[in-house]
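Chemist: Here it is, the structure, as structure tokens.
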Amino acid sequence: MKRTLGIVFSILLVLLVASPIFANGGTEKSKTVTVAFMPGVADPFYYTMERGITAKAKQLGVNLIVAEYPTSWGPAQQVPILEAMMAKGGIDVLLIAPTAVDALIAPLKKIYDSGVQIITVDTFLGDGDYTKSSNYSFPLAFIGTDNVLGGKQVAEHLAKLVGEKGKVFMENTNPGVSSVQGRLDGFKAGIAEFPNMTFVGTDYCMDVQQKAIDQVSAALQKDPDIVGIFGCNVFTAQGAYQAVVNAGLTGAVKVVTWDATETLIQALKAGQVDLILAQKPAEIGSLAVDWAYKYMKDKSMPPGKKVIPGFEFFTKDNVDNPDMQQWIYKK
Ligand code: T6T
């Protein structure tokens, strides 16, 4: 009797250790991996990322769940959608664009503690360094653009467009978001390299295009010396160029933008936008599924818990090049 009980106990122990609950997401090689995607907001950037995610999931035989897209930016809408999706269970790895550097730490830690691995895409928690000891080091990786570098290069392009002198303004989305904060830091640093240029400030439209139009219009009225505007994501950029068009300042005020939507590409062709930085959202999504899959199969992780795909610049000179068309976001 004692021996039988001992055998039963040993079998139970082996089963428990091998179970996904014990292994924080599970590592069974034969098991189908389930990945969930939680975007930041409904916009062409994340729809394009989803295309990359879907294609890679199909190729690897990964089961994919896509959350409802939030219609406005921020934790107030993102967290309830996230929690409803996670409550259904069965998810091995969550790919998420956290809509704030701090407010998403606690909800994501709870999800991680329940046995789900997390990869943050596009935006990160804290300062994005998941290798050092902190309360936000639990994600497997961050996969996204180097926003500081991009912001700096946008500033350098703008400086050339305005003859390296004059005042420039930046339209922003929300404070406390890693991506756009990085773009602001990089842009300011880039402008500071030119002694005859002045960064006059930034406004936050909370990712609402009409608000961006209003704020850029107000900035142009307040300071008629502004020679350049940086719209740092889809809705700020689309609002920024529209405000310049409405003010009748096309050409006189240079407009540099971020995110290659069809709308911005058309505006570039029409001479209403002077530069577009195209991120690589499909590549970010594809890499995220790849690393999620690799981790689930053999626990491998990207070096430094980070993968940084590059970006491309559209100008009027290359916008029709066949090899550039792949970087236009597709809904
Ligand atoms: O620019 C992207 C993304 O990188 C950013 O974090 C939020 O805005 C976008 O989704 C564009 O609207």
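We label chains A, B, ... in the order they appear in the structure tokens, count residues from 1 in each chain, and number ligands from 1 in the order shown.
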Can you list, as an NGL selection string, every residue of region 36-138 of chain A that DSSP puts in strand (DSSP E)?
Modeler: :A and (36-38 or 63-66 or 93-96 or 117-121)
Chemist: Keeping N, CA and C atoms for every residue in the selection just given, could you write it to a file as a PDB file, in the first residue's frame?
Modeler:
```pdb
ATOM      1  N   ALA A  36      -1.064  35.957 -28.162  1.00  0.00           N
ATOM      2  CA  ALA A  36      -2.116  36.983 -28.243  1.00  0.00           C
ATOM      3  C   ALA A  36      -1.484  38.329 -28.558  1.00  0.00           C
ATOM      4  N   PHE A  37      -2.206  39.148 -29.323  1.00  0.00           N
ATOM      5  CA  PHE A  37      -1.712  40.486 -29.685  1.00  0.00           C
ATOM      6  C   PHE A  37      -2.666  41.547 -29.148  1.00  0.00           C
ATOM      7  N   MET A  38      -2.093  42.463 -28.364  1.00  0.00           N
ATOM      8  CA  MET A  38      -2.872  43.582 -27.823  1.00  0.00           C
ATOM      9  C   MET A  38      -2.283  44.882 -28.373  1.00  0.00           C
ATOM     10  N   ASN A  63      -0.980  29.434 -32.942  1.00  0.00           N
ATOM     11  CA  ASN A  63      -2.373  29.827 -32.776  1.00  0.00           C
ATOM     12  C   ASN A  63      -2.413  31.294 -32.333  1.00  0.00           C
ATOM     13  N   LEU A  64      -3.205  32.129 -33.024  1.00  0.00           N
ATOM     14  CA  LEU A  64      -3.171  33.569 -32.758  1.00  0.00           C
ATOM     15  C   LEU A  64      -4.519  34.108 -32.285  1.00  0.00           C
ATOM     16  N   ILE A  65      -4.444  34.937 -31.236  1.00  0.00           N
ATOM     17  CA  ILE A  65      -5.648  35.633 -30.750  1.00  0.00           C
ATOM     18  C   ILE A  65      -5.358  37.128 -30.855  1.00  0.00           C
ATOM     19  N   VAL A  66      -6.268  37.883 -31.438  1.00  0.00           N
ATOM     20  CA  VAL A  66      -6.064  39.337 -31.549  1.00  0.00           C
ATOM     21  C   VAL A  66      -7.138  40.035 -30.733  1.00  0.00           C
ATOM     22  N   VAL A  93       2.023  33.384 -24.830  1.00  0.00           N
ATOM     23  CA  VAL A  93       2.821  34.614 -24.918  1.00  0.00           C
ATOM     24  C   VAL A  93       1.912  35.772 -25.351  1.00  0.00           C
ATOM     25  N   LEU A  94       2.045  36.872 -24.633  1.00  0.00           N
ATOM     26  CA  LEU A  94       1.287  38.083 -24.957  1.00  0.00           C
ATOM     27  C   LEU A  94       2.216  39.085 -25.629  1.00  0.00           C
ATOM     28  N   LEU A  95       1.807  39.557 -26.805  1.00  0.00           N
ATOM     29  CA  LEU A  95       2.533  40.648 -27.482  1.00  0.00           C
ATOM     30  C   LEU A  95       1.703  41.895 -27.248  1.00  0.00           C
ATOM     31  N   ILE A  96       2.280  42.883 -26.604  1.00  0.00           N
ATOM     32  CA  ILE A  96       1.490  44.067 -26.259  1.00  0.00           C
ATOM     33  C   ILE A  96       2.282  45.349 -26.445  1.00  0.00           C
ATOM     34  N   GLN A 117       4.098  34.543 -20.741  1.00  0.00           N
ATOM     35  CA  GLN A 117       5.278  35.331 -21.111  1.00  0.00           C
ATOM     36  C   GLN A 117       4.828  36.606 -21.840  1.00  0.00           C
ATOM     37  N   ILE A 118       5.630  37.667 -21.718  1.00  0.00           N
ATOM     38  CA  ILE A 118       5.227  38.948 -22.312  1.00  0.00           C
ATOM     39  C   ILE A 118       6.358  39.524 -23.163  1.00  0.00           C
ATOM     40  N   ILE A 119       5.985  39.949 -24.377  1.00  0.00           N
ATOM     41  CA  ILE A 119       6.921  40.705 -25.223  1.00  0.00           C
ATOM     42  C   ILE A 119       6.257  42.050 -25.487  1.00  0.00           C
ATOM     43  N   THR A 120       6.948  43.148 -25.183  1.00  0.00           N
ATOM     44  CA  THR A 120       6.346  44.445 -25.502  1.00  0.00           C
ATOM     45  C   THR A 120       6.823  44.863 -26.893  1.00  0.00           C
ATOM     46  N   VAL A 121       5.858  45.264 -27.704  1.00  0.00           N
ATOM     47  CA  VAL A 121       6.150  45.662 -29.085  1.00  0.00           C
ATOM     48  C   VAL A 121       5.853  47.141 -29.244  1.00  0.00           C
TER      49      VAL A 121
END
```
Chemist: Hey, which residues come within 7 Å of ligand 1 if we count only C-alpha atoms and all ligand atoms? Could you give them as an MDAnalysis selection string?
Modeler: chainID A and resid 40:41 43 45:46 122:123 179:180 232:235 258:259
Chemist: What is the distance, in Å and to one decimal place, between CA of Lys165 (chain A) and CA of Thr261 (chain A)?
Modeler: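 Atom-to-atom, CA of Lys165 (chain A) to CA of Thr261 (chain A), that is 28.9 Å.
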Chemist: Would you please work out which residue, of A:Leu264, A:Ser114, A:Ile191, A:Val200, is nearest to Phe314 (chain A) when using only C-alpha atoms?
Modeler: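 Nearest candidate to Phe314 (chain A) out of A:Leu264, A:Ser114, A:Ile191, A:Val200: A:Leu264.
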Chemist: Using only C-alpha atoms, which of A:Asp290, A:Asp317, A:Glu283, A:Glu164 sits nearest Gly271 (chain A)?
Modeler: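 Selected residue with least distance to Gly271 (chain A): A:Asp317.
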Chemist: Smallest atom-to-atom distance to Lys152 (chain A): which of A:Val101, A:Ala42, A:Leu277, A:Val216, using only C-alpha atoms?
Modeler: A:Leu277
Chemist: Would you please work out which residue, of A:Ile284, A:Ile111, A:Val307, A:Met324, is nearest to Tyr47 (chain A) when using only C-alpha atoms?
Modeler: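 Nearest to Tyr47 (chain A): A:Ile284.
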Chemist: Would you please extract all alpha helix (DSSP H) residues from region 52-188 of chain A, as assigned by DSSP on the backbone, and give them as an mmCIF file with N, CA and C atoms, in the first residue's frame?
Modeler:
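Output file part-v6.cif is given in full below:
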```
data_model
loop_
_atom_site.group_PDB
_atom_site.id
_atom_site.type_symbol
_atom_site.label_atom_id
_atom_site.label_comp_id
_atom_site.auth_asym_id
_atom_site.auth_seq_id
_atom_site.Cartn_x
_atom_site.Cartn_y
_atom_site.Cartn_z
ATOM 1 N N GLY A 52 1.930 41.471 -40.121
ATOM 2 C CA GLY A 52 3.207 40.768 -39.928
ATOM 3 C C GLY A 52 3.067 39.624 -38.928
ATOM 4 N N ILE A 53 2.290 39.883 -37.893
ATOM 5 C CA ILE A 53 2.070 38.860 -36.856
ATOM 6 C C ILE A 53 1.322 37.668 -37.454
ATOM 7 N N THR A 54 0.269 37.966 -38.196
ATOM 8 C CA THR A 54 -0.570 36.902 -38.777
ATOM 9 C C THR A 54 0.237 36.035 -39.744
ATOM 10 N N ALA A 55 1.036 36.699 -40.585
ATOM 11 C CA ALA A 55 1.810 35.943 -41.584
ATOM 12 C C ALA A 55 2.801 35.004 -40.893
ATOM 13 N N LYS A 56 3.500 35.527 -39.878
ATOM 14 C CA LYS A 56 4.508 34.693 -39.190
ATOM 15 C C LYS A 56 3.825 33.568 -38.402
ATOM 16 N N ALA A 57 2.692 33.876 -37.779
ATOM 17 C CA ALA A 57 1.977 32.846 -36.998
ATOM 18 C C ALA A 57 1.552 31.705 -37.921
ATOM 19 N N LYS A 58 1.081 32.073 -39.099
ATOM 20 C CA LYS A 58 0.641 31.067 -40.077
ATOM 21 C C LYS A 58 1.832 30.183 -40.474
ATOM 22 N N GLN A 59 2.949 30.840 -40.743
ATOM 23 C CA GLN A 59 4.151 30.113 -41.182
ATOM 24 C C GLN A 59 4.634 29.120 -40.115
ATOM 25 N N LEU A 60 4.537 29.525 -38.832
ATOM 26 C CA LEU A 60 5.060 28.680 -37.752
ATOM 27 C C LEU A 60 4.005 27.749 -37.143
ATOM 28 N N PRO A 75 -4.241 53.670 -21.027
ATOM 29 C CA PRO A 75 -4.578 52.533 -20.172
ATOM 30 C C PRO A 75 -6.069 52.423 -19.859
ATOM 31 N N ALA A 76 -6.789 53.520 -19.812
ATOM 32 C CA ALA A 76 -8.217 53.473 -19.439
ATOM 33 C C ALA A 76 -8.993 52.560 -20.385
ATOM 34 N N GLN A 77 -8.648 52.568 -21.661
ATOM 35 C CA GLN A 77 -9.330 51.663 -22.597
ATOM 36 C C GLN A 77 -8.562 50.365 -22.790
ATOM 37 N N GLN A 78 -7.235 50.439 -22.773
ATOM 38 C CA GLN A 78 -6.449 49.246 -23.094
ATOM 39 C C GLN A 78 -6.533 48.167 -22.002
ATOM 40 N N VAL A 79 -6.453 48.579 -20.742
ATOM 41 C CA VAL A 79 -6.369 47.577 -19.662
ATOM 42 C C VAL A 79 -7.636 46.712 -19.571
ATOM 43 N N PRO A 80 -8.845 47.285 -19.581
ATOM 44 C CA PRO A 80 -10.025 46.397 -19.531
ATOM 45 C C PRO A 80 -10.102 45.434 -20.715
ATOM 46 N N ILE A 81 -9.728 45.882 -21.908
ATOM 47 C CA ILE A 81 -9.756 44.977 -23.083
ATOM 48 C C ILE A 81 -8.748 43.847 -22.872
ATOM 49 N N LEU A 82 -7.558 44.238 -22.391
ATOM 50 C CA LEU A 82 -6.499 43.258 -22.126
ATOM 51 C C LEU A 82 -6.959 42.222 -21.104
ATOM 52 N N GLU A 83 -7.520 42.701 -20.005
ATOM 53 C CA GLU A 83 -7.900 41.776 -18.939
ATOM 54 C C GLU A 83 -9.021 40.836 -19.370
ATOM 55 N N ALA A 84 -9.937 41.341 -20.191
ATOM 56 C CA ALA A 84 -11.029 40.473 -20.685
ATOM 57 C C ALA A 84 -10.458 39.366 -21.576
ATOM 58 N N MET A 85 -9.488 39.730 -22.412
ATOM 59 C CA MET A 85 -8.892 38.728 -23.308
ATOM 60 C C MET A 85 -8.116 37.681 -22.493
ATOM 61 N N MET A 86 -7.328 38.138 -21.526
ATOM 62 C CA MET A 86 -6.494 37.213 -20.754
ATOM 63 C C MET A 86 -7.345 36.291 -19.882
ATOM 64 N N ALA A 87 -8.499 36.787 -19.447
ATOM 65 C CA ALA A 87 -9.362 36.000 -18.549
ATOM 66 C C ALA A 87 -9.850 34.722 -19.225
ATOM 67 N N ILE A 105 2.561 48.518 -15.796
ATOM 68 C CA ILE A 105 3.471 47.591 -15.102
ATOM 69 C C ILE A 105 2.678 46.612 -14.224
ATOM 70 N N ALA A 106 1.812 47.126 -13.372
ATOM 71 C CA ALA A 106 1.081 46.246 -12.435
ATOM 72 C C ALA A 106 0.157 45.264 -13.168
ATOM 73 N N PRO A 107 -0.686 45.717 -14.116
ATOM 74 C CA PRO A 107 -1.540 44.734 -14.805
ATOM 75 C C PRO A 107 -0.734 43.671 -15.565
ATOM 76 N N LEU A 108 0.399 44.062 -16.129
ATOM 77 C CA LEU A 108 1.197 43.075 -16.879
ATOM 78 C C LEU A 108 1.931 42.121 -15.949
ATOM 79 N N LYS A 109 2.350 42.633 -14.789
ATOM 80 C CA LYS A 109 3.040 41.755 -13.830
ATOM 81 C C LYS A 109 2.072 40.657 -13.362
ATOM 82 N N LYS A 110 0.830 41.047 -13.169
ATOM 83 C CA LYS A 110 -0.183 40.083 -12.733
ATOM 84 C C LYS A 110 -0.363 38.986 -13.806
ATOM 85 N N ILE A 111 -0.389 39.409 -15.050
ATOM 86 C CA ILE A 111 -0.538 38.452 -16.160
ATOM 87 C C ILE A 111 0.690 37.538 -16.221
ATOM 88 N N TYR A 112 1.866 38.131 -16.065
ATOM 89 C CA TYR A 112 3.114 37.355 -16.072
ATOM 90 C C TYR A 112 3.101 36.328 -14.926
ATOM 91 N N ASP A 113 2.688 36.784 -13.747
ATOM 92 C CA ASP A 113 2.663 35.889 -12.583
ATOM 93 C C ASP A 113 1.665 34.742 -12.758
ATOM 94 N N ASN A 147 13.379 55.089 -31.252
ATOM 95 C CA ASN A 147 12.673 56.360 -31.439
ATOM 96 C C ASN A 147 13.570 57.575 -31.219
ATOM 97 N N VAL A 148 14.547 57.450 -30.320
ATOM 98 C CA VAL A 148 15.452 58.577 -30.062
ATOM 99 C C VAL A 148 16.290 58.839 -31.317
ATOM 100 N N LEU A 149 16.817 57.757 -31.886
ATOM 101 C CA LEU A 149 17.619 57.884 -33.108
ATOM 102 C C LEU A 149 16.778 58.472 -34.251
ATOM 103 N N GLY A 150 15.562 57.955 -34.401
ATOM 104 C CA GLY A 150 14.680 58.447 -35.460
ATOM 105 C C GLY A 150 14.363 59.928 -35.273
ATOM 106 N N GLY A 151 14.047 60.314 -34.035
ATOM 107 C CA GLY A 151 13.716 61.717 -33.754
ATOM 108 C C GLY A 151 14.882 62.634 -34.091
ATOM 109 N N LYS A 152 16.088 62.169 -33.781
ATOM 110 C CA LYS A 152 17.290 62.963 -34.045
ATOM 111 C C LYS A 152 17.488 63.132 -35.559
ATOM 112 N N GLN A 153 17.299 62.038 -36.284
ATOM 113 C CA GLN A 153 17.491 62.123 -37.746
ATOM 114 C C GLN A 153 16.422 62.980 -38.411
ATOM 115 N N VAL A 154 15.190 62.937 -37.876
ATOM 116 C CA VAL A 154 14.126 63.801 -38.407
ATOM 117 C C VAL A 154 14.538 65.267 -38.223
ATOM 118 N N ALA A 155 15.085 65.592 -37.046
ATOM 119 C CA ALA A 155 15.521 66.969 -36.764
ATOM 120 C C ALA A 155 16.613 67.389 -37.753
ATOM 121 N N GLU A 156 17.528 66.480 -38.040
ATOM 122 C CA GLU A 156 18.623 66.807 -38.958
ATOM 123 C C GLU A 156 18.100 67.057 -40.385
ATOM 124 N N HIS A 157 17.133 66.246 -40.792
ATOM 125 C CA HIS A 157 16.506 66.458 -42.110
ATOM 126 C C HIS A 157 15.802 67.813 -42.138
ATOM 127 N N LEU A 158 15.069 68.108 -41.060
ATOM 128 C CA LEU A 158 14.317 69.374 -41.010
ATOM 129 C C LEU A 158 15.287 70.559 -41.068
ATOM 130 N N ALA A 159 16.386 70.433 -40.345
ATOM 131 C CA ALA A 159 17.380 71.516 -40.344
ATOM 132 C C ALA A 159 17.837 71.807 -41.777
ATOM 133 N N LYS A 160 18.075 70.758 -42.533
ATOM 134 C CA LYS A 160 18.515 70.952 -43.934
ATOM 135 C C LYS A 160 17.427 71.656 -44.743
ATOM 136 N N LEU A 161 16.172 71.224 -44.523
ATOM 137 C CA LEU A 161 15.044 71.780 -45.288
ATOM 138 C C LEU A 161 14.855 73.273 -45.029
ATOM 139 N N SER A 178 6.567 55.623 -24.112
ATOM 140 C CA SER A 178 7.990 55.516 -24.456
ATOM 141 C C SER A 178 8.300 55.941 -25.890
ATOM 142 N N SER A 179 7.453 55.545 -26.840
ATOM 143 C CA SER A 179 7.760 55.810 -28.250
ATOM 144 C C SER A 179 7.836 57.312 -28.530
ATOM 145 N N VAL A 180 6.784 58.025 -28.199
ATOM 146 C CA VAL A 180 6.740 59.453 -28.560
ATOM 147 C C VAL A 180 7.636 60.297 -27.657
ATOM 148 N N GLN A 181 7.873 59.823 -26.432
ATOM 149 C CA GLN A 181 8.837 60.526 -25.569
ATOM 150 C C GLN A 181 10.235 60.409 -26.181
ATOM 151 N N GLY A 182 10.558 59.217 -26.692
ATOM 152 C CA GLY A 182 11.852 59.018 -27.358
ATOM 153 C C GLY A 182 11.995 59.932 -28.568
ATOM 154 N N ARG A 183 10.904 60.062 -29.327
ATOM 155 C CA ARG A 183 10.951 60.931 -30.520
ATOM 156 C C ARG A 183 11.190 62.384 -30.107
ATOM 157 N N LEU A 184 10.542 62.797 -29.011
ATOM 158 C CA LEU A 184 10.727 64.168 -28.504
ATOM 159 C C LEU A 184 12.178 64.377 -28.056
ATOM 160 N N ASP A 185 12.697 63.438 -27.279
ATOM 161 C CA ASP A 185 14.087 63.559 -26.790
ATOM 162 C C ASP A 185 15.063 63.643 -27.960
ATOM 163 N N GLY A 186 14.873 62.745 -28.930
ATOM 164 C CA GLY A 186 15.773 62.713 -30.087
ATOM 165 C C GLY A 186 15.657 63.982 -30.910
ATOM 166 N N PHE A 187 14.427 64.457 -31.103
ATOM 167 C CA PHE A 187 14.206 65.655 -31.921
ATOM 168 C C PHE A 187 14.873 66.870 -31.266
ATOM 169 N N LYS A 188 14.671 67.005 -29.959
ATOM 170 C CA LYS A 188 15.279 68.142 -29.248
ATOM 171 C C LYS A 188 16.803 68.090 -29.355
#
```
Chemist: Which residue is closest to Lys316 (chain A)? Choose from A:Ile229, A:Ile276, A:Val177, A:Met296 and count only C-alpha atoms.
Modeler: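 Using only C-alpha atoms, the shortest distance to Lys316 (chain A) belongs to A:Ile276.
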Chemist: Need to verify the contact set: Thr250 (chain A), 12 Å, only C-alpha atoms, exclusion of same-chain residues closer than 4 positions in sequence. Can you return it as a list in words?
Modeler: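 Non-adjacent residues within range: Val227, Gly228, Ile229, Ala240, Tyr241, Gln242, Ala243, Val244, Val245, Asn246, Lys254, Val255, Ala267, Leu268, Ala270, Gly271, Gln272, Val273 and Asp274 of chain A.
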Chemist: Counting only C-alpha atoms, figure out which residue out of A:Tyr295, A:Thr145, A:Asn321, A:Pro44 gets nearest to Glu262 (chain A).
Modeler: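 Between A:Tyr295, A:Thr145, A:Asn321, A:Pro44, the residue approaching Glu262 (chain A) most closely is A:Pro44.
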